[in-house]
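Visitor: Coordinates in query-v6.cif, mmCIF, C-alpha atoms and all ligand atoms, are listed below.
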```cif
data_work
loop_
_atom_site.label_atom_id
_atom_site.label_comp_id
_atom_site.auth_asym_id
_atom_site.auth_seq_id
_atom_site.Cartn_x
_atom_site.Cartn_y
_atom_site.Cartn_z
CA MET H 1 20.16 20.01 2.57
CA LEU H 2 18.23 16.76 2.18
CA LEU H 3 15.91 18.01 -0.58
CA GLU H 4 18.14 20.51 -2.39
CA ASN H 5 16.38 21.80 -5.52
CA LYS H 6 13.75 19.09 -5.33
CA VAL H 7 10.11 19.89 -6.14
CA VAL H 8 7.77 18.68 -3.41
CA VAL H 9 3.97 18.49 -3.77
CA VAL H 10 1.98 18.47 -0.52
CA THR H 11 -1.75 17.86 -0.38
CA GLY H 12 -3.55 19.43 2.55
CA GLY H 13 -0.46 21.63 2.85
CA SER H 14 -1.91 24.80 4.39
CA ARG H 15 -2.49 23.48 7.90
CA GLY H 16 -1.36 20.94 10.47
CA ILE H 17 0.95 18.14 9.40
CA GLY H 18 0.84 19.17 5.73
CA ARG H 19 1.92 22.70 6.58
CA ALA H 20 4.81 21.33 8.62
CA ILE H 21 5.82 19.04 5.73
CA ALA H 22 5.78 21.98 3.31
CA LEU H 23 7.93 24.10 5.63
CA ALA H 24 10.36 21.29 6.48
CA SER H 25 10.78 20.54 2.78
CA ALA H 26 11.54 24.20 2.01
CA ARG H 27 14.03 24.33 4.89
CA GLU H 28 15.78 21.33 3.25
CA GLY H 29 16.06 23.19 -0.07
CA ALA H 30 12.87 22.25 -1.91
CA ASP H 31 10.39 24.29 -3.92
CA VAL H 32 6.86 23.42 -2.85
CA ALA H 33 3.43 23.08 -4.48
CA ILE H 34 0.68 23.22 -1.88
CA ASN H 35 -2.78 21.80 -2.39
CA TYR H 36 -5.48 23.16 -0.10
CA TRP H 37 -9.25 23.06 0.01
CA GLY H 38 -11.58 25.79 1.16
CA ASP H 39 -8.99 27.33 3.41
CA ASN H 40 -9.79 30.99 2.81
CA ASP H 41 -10.50 32.05 6.36
CA GLU H 42 -8.15 34.59 7.90
CA SER H 43 -6.90 32.12 10.47
CA TYR H 44 -3.30 33.28 10.47
CA GLY H 45 -3.52 36.97 11.21
CA LYS H 46 -4.56 39.00 8.17
CA ALA H 47 -3.55 36.28 5.76
CA SER H 48 -5.35 33.08 5.10
CA ALA H 49 -3.57 29.90 6.09
CA VAL H 50 -2.47 29.29 2.53
CA GLU H 51 -1.17 32.85 1.99
CA SER H 52 0.74 32.50 5.23
CA ILE H 53 2.47 29.24 4.30
CA VAL H 54 3.38 30.51 0.83
CA GLY H 55 4.89 33.61 2.44
CA GLU H 56 6.88 31.56 4.96
CA ILE H 57 8.33 29.38 2.21
CA GLU H 58 9.27 32.37 0.07
CA ALA H 59 10.89 33.98 3.13
CA LEU H 60 13.15 30.91 3.21
CA GLY H 61 14.26 31.76 -0.33
CA ARG H 62 12.33 28.93 -1.97
CA ARG H 63 9.47 29.08 -4.46
CA ALA H 64 5.89 28.08 -3.63
CA ILE H 65 2.57 27.81 -5.41
CA ALA H 66 -0.84 27.11 -3.91
CA VAL H 67 -3.48 25.18 -5.86
CA GLU H 68 -6.99 24.84 -4.47
CA GLY H 69 -8.90 21.63 -5.02
CA ASN H 70 -10.63 18.72 -3.33
CA VAL H 71 -8.38 15.68 -3.75
CA ALA H 72 -11.50 13.48 -3.66
CA GLU H 73 -12.06 14.58 -7.24
CA ARG H 74 -9.71 12.79 -9.63
CA ASP H 75 -9.07 15.91 -11.74
CA THR H 76 -7.70 17.78 -8.72
CA GLY H 77 -4.56 15.65 -8.64
CA ILE H 78 -4.12 15.90 -12.39
CA GLU H 79 -4.44 19.71 -12.28
CA LEU H 80 -2.17 19.96 -9.22
CA ILE H 81 0.63 18.10 -10.99
CA ARG H 82 0.10 20.07 -14.21
CA ARG H 83 0.33 23.39 -12.35
CA THR H 84 3.44 22.16 -10.50
CA VAL H 85 5.24 21.18 -13.71
CA ASP H 86 4.20 24.48 -15.32
CA ALA H 87 5.70 26.37 -12.37
CA PHE H 88 8.78 24.33 -11.52
CA GLY H 89 9.40 22.04 -14.52
CA HIS H 90 9.22 18.70 -12.71
CA VAL H 91 7.96 16.76 -9.68
CA ASP H 92 10.31 14.82 -7.39
CA VAL H 93 8.30 14.16 -4.23
CA LEU H 94 4.63 13.75 -3.42
CA SER H 95 3.43 14.04 0.17
CA SER H 96 -0.08 12.58 -0.05
CA ASN H 97 -1.24 14.10 3.19
CA ALA H 98 -4.76 15.53 2.81
CA GLY H 99 -7.22 13.93 5.19
CA ILE H 100 -10.25 14.53 7.34
CA CYS H 101 -11.48 12.92 10.54
CA PRO H 102 -14.95 14.12 11.54
CA PHE H 103 -15.29 12.10 14.76
CA HIS H 104 -18.71 10.42 14.83
CA ALA H 105 -20.45 7.51 16.53
CA PHE H 106 -20.86 4.41 14.36
CA LEU H 107 -24.51 3.42 14.62
CA ASP H 108 -26.02 6.78 13.64
CA MET H 109 -23.30 7.90 11.23
CA PRO H 110 -24.87 9.41 8.11
CA ALA H 111 -23.74 8.01 4.77
CA SER H 112 -22.48 11.48 3.87
CA VAL H 113 -19.95 11.48 6.73
CA TYR H 114 -18.70 8.00 5.84
CA GLU H 115 -18.57 8.62 2.11
CA SER H 116 -16.83 12.02 2.35
CA THR H 117 -14.16 10.58 4.65
CA VAL H 118 -13.46 7.68 2.27
CA ALA H 119 -13.53 10.03 -0.74
CA VAL H 120 -10.95 12.45 0.68
CA ASN H 121 -8.68 10.11 2.64
CA LEU H 122 -8.55 7.03 0.40
CA ASN H 123 -9.82 7.98 -3.05
CA GLY H 124 -7.89 11.25 -2.80
CA ALA H 125 -4.65 9.45 -1.93
CA PHE H 126 -5.17 7.05 -4.84
CA TYR H 127 -5.87 9.75 -7.42
CA VAL H 128 -3.07 12.12 -6.42
CA THR H 129 -0.57 9.26 -6.20
CA GLN H 130 -1.61 8.13 -9.68
CA ALA H 131 -1.20 11.64 -11.08
CA ALA H 132 2.21 12.22 -9.47
CA ALA H 133 3.55 8.78 -10.42
CA THR H 134 2.44 9.25 -14.03
CA GLN H 135 4.49 12.47 -14.20
CA MET H 136 7.47 10.87 -12.43
CA LYS H 137 7.43 7.93 -14.88
CA THR H 138 7.36 10.39 -17.81
CA GLN H 139 10.31 12.27 -16.33
CA GLY H 140 12.26 9.01 -16.12
CA THR H 141 14.27 10.03 -13.04
CA GLY H 142 12.35 8.20 -10.31
CA GLY H 143 10.76 9.91 -7.34
CA ALA H 144 9.44 9.49 -3.83
CA ILE H 145 5.88 9.27 -2.59
CA VAL H 146 5.15 9.50 1.14
CA ALA H 147 1.58 9.05 2.27
CA THR H 148 0.26 10.17 5.62
CA SER H 149 -1.37 7.03 6.96
CA SER H 150 -1.83 6.78 10.73
CA ILE H 151 -1.46 4.71 13.88
CA SER H 152 -5.13 4.20 13.13
CA ALA H 153 -4.14 1.90 10.26
CA LEU H 154 -3.12 -0.55 12.98
CA VAL H 155 -5.61 0.09 15.78
CA GLY H 156 -9.19 1.25 16.05
CA GLY H 157 -11.18 4.19 17.32
CA GLY H 158 -14.80 3.93 18.49
CA MET H 159 -15.59 7.33 16.99
CA GLN H 160 -13.46 6.66 13.90
CA THR H 161 -15.09 3.65 12.23
CA HIS H 162 -15.16 5.59 8.96
CA TYR H 163 -11.63 6.97 9.32
CA THR H 164 -9.47 4.06 10.46
CA PRO H 165 -10.25 1.88 7.39
CA THR H 166 -9.13 4.74 5.15
CA LYS H 167 -5.79 4.97 6.95
CA ALA H 168 -5.32 1.22 6.68
CA GLY H 169 -6.14 1.61 3.00
CA VAL H 170 -3.54 4.34 2.53
CA HIS H 171 -0.91 2.12 4.16
CA SER H 172 -1.84 -0.75 1.82
CA LEU H 173 -1.92 1.58 -1.19
CA MET H 174 1.71 2.50 -0.57
CA GLN H 175 2.69 -1.18 -0.28
CA SER H 176 1.10 -2.02 -3.64
CA CYS H 177 2.36 1.15 -5.33
CA ALA H 178 5.88 0.28 -4.14
CA ILE H 179 5.59 -2.88 -6.24
CA ALA H 180 3.91 -1.26 -9.22
CA LEU H 181 6.24 1.76 -9.33
CA GLY H 182 9.54 0.20 -8.25
CA PRO H 183 10.54 -0.50 -11.89
CA TYR H 184 10.41 3.27 -12.49
CA GLY H 185 12.59 4.08 -9.49
CA ILE H 186 9.64 5.53 -7.62
CA ARG H 187 9.64 4.73 -3.91
CA CYS H 188 6.36 4.62 -1.94
CA ASN H 189 6.21 4.69 1.86
CA SER H 190 3.88 5.85 4.59
CA VAL H 191 4.20 7.58 7.92
CA MET H 192 1.85 6.61 10.74
CA PRO H 193 1.36 9.57 13.05
CA GLY H 194 0.00 8.93 16.52
CA THR H 195 -1.94 11.63 18.33
CA ILE H 196 -0.57 14.86 16.88
CA ALA H 197 -2.13 18.11 18.08
CA THR H 198 -3.60 19.76 14.95
CA ASP H 199 -6.84 21.34 13.72
CA LEU H 200 -7.96 17.80 12.80
CA ASN H 201 -8.40 16.83 16.44
CA ALA H 202 -8.54 20.19 18.20
CA GLU H 203 -12.20 19.73 19.13
CA ASP H 204 -11.66 16.14 20.25
CA LEU H 205 -8.66 17.10 22.37
CA SER H 206 -10.44 20.13 23.83
CA ASP H 207 -11.89 17.53 26.21
CA THR H 208 -9.28 17.90 28.95
CA ASP H 209 -9.91 14.41 30.32
CA LYS H 210 -9.35 12.84 26.90
CA ARG H 211 -6.25 14.97 26.29
CA ALA H 212 -4.82 13.88 29.64
CA TYR H 213 -5.72 10.22 28.94
CA MET H 214 -4.03 10.24 25.53
CA THR H 215 -0.93 12.03 26.87
CA LYS H 216 -0.64 9.56 29.76
CA ARG H 217 -0.64 6.68 27.31
CA ILE H 218 2.34 8.04 25.39
CA PRO H 219 5.75 6.81 26.73
CA LEU H 220 7.49 10.02 25.60
CA GLY H 221 4.99 11.92 27.73
CA ARG H 222 3.65 14.43 25.22
CA LEU H 223 1.29 14.70 22.25
CA GLY H 224 3.06 14.88 18.91
CA GLU H 225 3.69 18.12 17.04
CA PRO H 226 3.29 18.42 13.23
CA ASP H 227 7.03 18.86 12.74
CA ASP H 228 7.69 15.54 14.52
CA VAL H 229 5.95 13.94 11.53
CA ALA H 230 7.37 16.31 8.92
CA GLN H 231 10.96 15.37 9.79
CA CYS H 232 10.16 11.70 9.12
CA VAL H 233 8.48 12.57 5.82
CA VAL H 234 11.59 14.50 4.77
CA PHE H 235 13.75 11.47 5.60
CA LEU H 236 11.57 9.07 3.58
CA ALA H 237 11.47 11.57 0.70
CA SER H 238 15.25 12.05 0.72
CA ASP H 239 18.08 10.01 -0.75
CA ARG H 240 18.91 8.86 2.79
CA ALA H 241 15.96 6.43 2.29
CA ARG H 242 17.07 5.44 -1.21
CA TYR H 243 16.61 1.70 -0.51
CA VAL H 244 13.35 2.08 1.48
CA THR H 245 10.08 1.39 -0.30
CA GLY H 246 6.84 -0.28 0.76
CA ALA H 247 7.66 0.60 4.35
CA SER H 248 5.75 2.43 7.07
CA LEU H 249 7.13 4.47 9.96
CA LEU H 250 5.22 4.93 13.22
CA VAL H 251 5.64 8.48 14.50
CA ASP H 252 3.70 8.18 17.75
CA GLY H 253 5.92 8.68 20.81
CA GLY H 254 5.53 4.98 21.59
CA LEU H 255 1.73 5.09 21.81
CA PHE H 256 1.13 1.98 19.68
CA VAL H 257 3.28 -0.37 21.74
CA ASN H 258 2.10 0.86 25.13
CA LEU H 259 -0.24 -1.81 26.48
CA GLN H 260 1.17 -1.63 30.05
C1 LIG P 301 -5.18 9.61 14.51
C2 LIG P 301 -5.34 9.15 15.96
C3 LIG P 301 -5.40 10.36 16.86
C4 LIG P 301 -6.50 11.31 16.38
C5 LIG P 301 -6.30 11.63 14.91
C6 LIG P 301 -7.41 12.51 14.36
O1 LIG P 301 -5.18 8.52 13.65
O2 LIG P 301 -6.53 8.43 16.07
O3 LIG P 301 -5.64 9.96 18.21
O4 LIG P 301 -6.43 12.50 17.16
O5 LIG P 301 -6.28 10.44 14.17
#
```
Can you give me the file's structure in the form of C-alpha cells?
Ligand code: RM4
Guide:
Amino acid sequence: MLLENKVVVVTGGSRGIGRAIALASAREGADVAINYWGDNDESYGKASAVESIVGEIEALGRRAIAVEGNVAERDTGIELIRRTVDAFGHVDVLSSNAGICPFHAFLDMPASVYESTVAVNLNGAFYVTQAAATQMKTQGTGGAIVATSSISALVGGGMQTHYTPTKAGVHSLMQSCAIALGPYGIRCNSVMPGTIATDLNAEDLSDTDKRAYMTKRIPLGRLGEPDDVAQCVVFLASDRARYVTGASLLVDGGLFVNLQ
C-alpha cells in the first residue's frame, strides 16, 4: 500500500481526475478529504457526485470527508485543511487538482471568463498549497504536494488562451514551492495530463471530428482516462518518489512529442 494511513486532501475531488485521485489514494490505504464546489446535482444515480465518492471510499474501508468551497477564495483552503485536521489529525498529501476550462475564443472573451479561470486554476492552487504547506510545516514530518498542471503548460490552445497560462503557472508554482518548502521536507511536483476524457472537456470532445483528431495524434492510440493520471499522482505522493521534488510528469500517451 503506497499511501498506508496517509491523509490525502484532493481539491476538485468529486469528479474527473480529482475523483480518480481520491479513489486511487483510498485504494493505496489513505483517508481522504475531498473539496468540491457546487456539485449537488444527482449525477451519479440517486446520490450527488460527492456523496457517491465518499461512499466508494468508505466501501474500501477508509475514511472520507467532503468539504464544499471555491478554492479561488483564500479561506476555502484554510477551512479545508482545518476540517481535515479536525477529522483525521494531520495532513500528509495535497492533490491541488481543482480546475476549470470553459473553452472560449480569445478576441471576444469576457473578462469574467478570463478572471474566473485564473482565480480557480492559479489563485486556487496557490492558496490551497499555502494552507496545506503551513499545516505540514507545523506537523514537522514533511509532506507531498502534487498539482494538476497540464500538457497545456507546454503548448497552446486557440480556445484556451485563458487556461493555458494558468497551467503554466501551476507548473512554475510547484517549482518555486519545491525550493521554498524543501527545508521542511515537503516535496512539490506536478502532473501534466494530456487529453483526458472528463466532464471538463466532454462538450469539446462531443465534436466527433475533434475527438478523432485528438485520438489520432496520440501515439498510444487512445484518450487518457482519469485513473491514468491518478496512478502518477499516487506515485509522486508516495515514498517511492522520496527524492523527487520540483519535477513534472507528462501523462499524455505521447501527445506532446508527436510532431510527425
Ligand atoms: C488539457 C488539454 C486537453 C483539454 C483539457 C481541457 O490541458 O488541452 O486537450 O481537453 O485541457
Visitor: From the list H:Val244, H:Val67, H:Ile186, H:Val128, which residue is nearest Ala33 in chain H when using only C-alpha atoms?
Guide: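 That would be H:Val67, the residue with the smallest distance to Ala33 in chain H.
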Visitor: Excluding Leu107 in chain H and any residue of its chain fewer than 3 positions from it, enumerate the residues within 10 Å of it, using all atoms listed in the file, and give them as JSON, numbers by chain.
Guide: {"H": [104, 110, 161]}
Visitor: Could you list, as a count of residues only, all protein and nucleic acid residues with an atom at most 9 Å from ligand LIG 301 (chain P), counting all atoms listed in the file?
Guide: 30
Visitor: Could you pull the residues within 6 Å of range 91-97 of chain H, counting only C-alpha atoms, minus those fewer than 2 positions along the same chain, as a ChimeraX atom specification?
Guide: /H:6-12,125,143-148
Visitor: What lies within 10 Å of Thr117 in chain H using only C-alpha atoms, ignoring chain neighbours under 3 positions off, as an MDAnalysis selection string?
Guide: chainID H and resid 72 99:102 111:114 120:124 162:166
Visitor: Using all atoms listed in the file for the distances, tell me which of H:Met136, H:Ser116, H:Leu3, H:Gly185 is nearest to Asp239 in chain H.
Guide: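 When distances to Asp239 in chain H are compared using all atoms listed in the file, the smallest one comes from H:Leu3.
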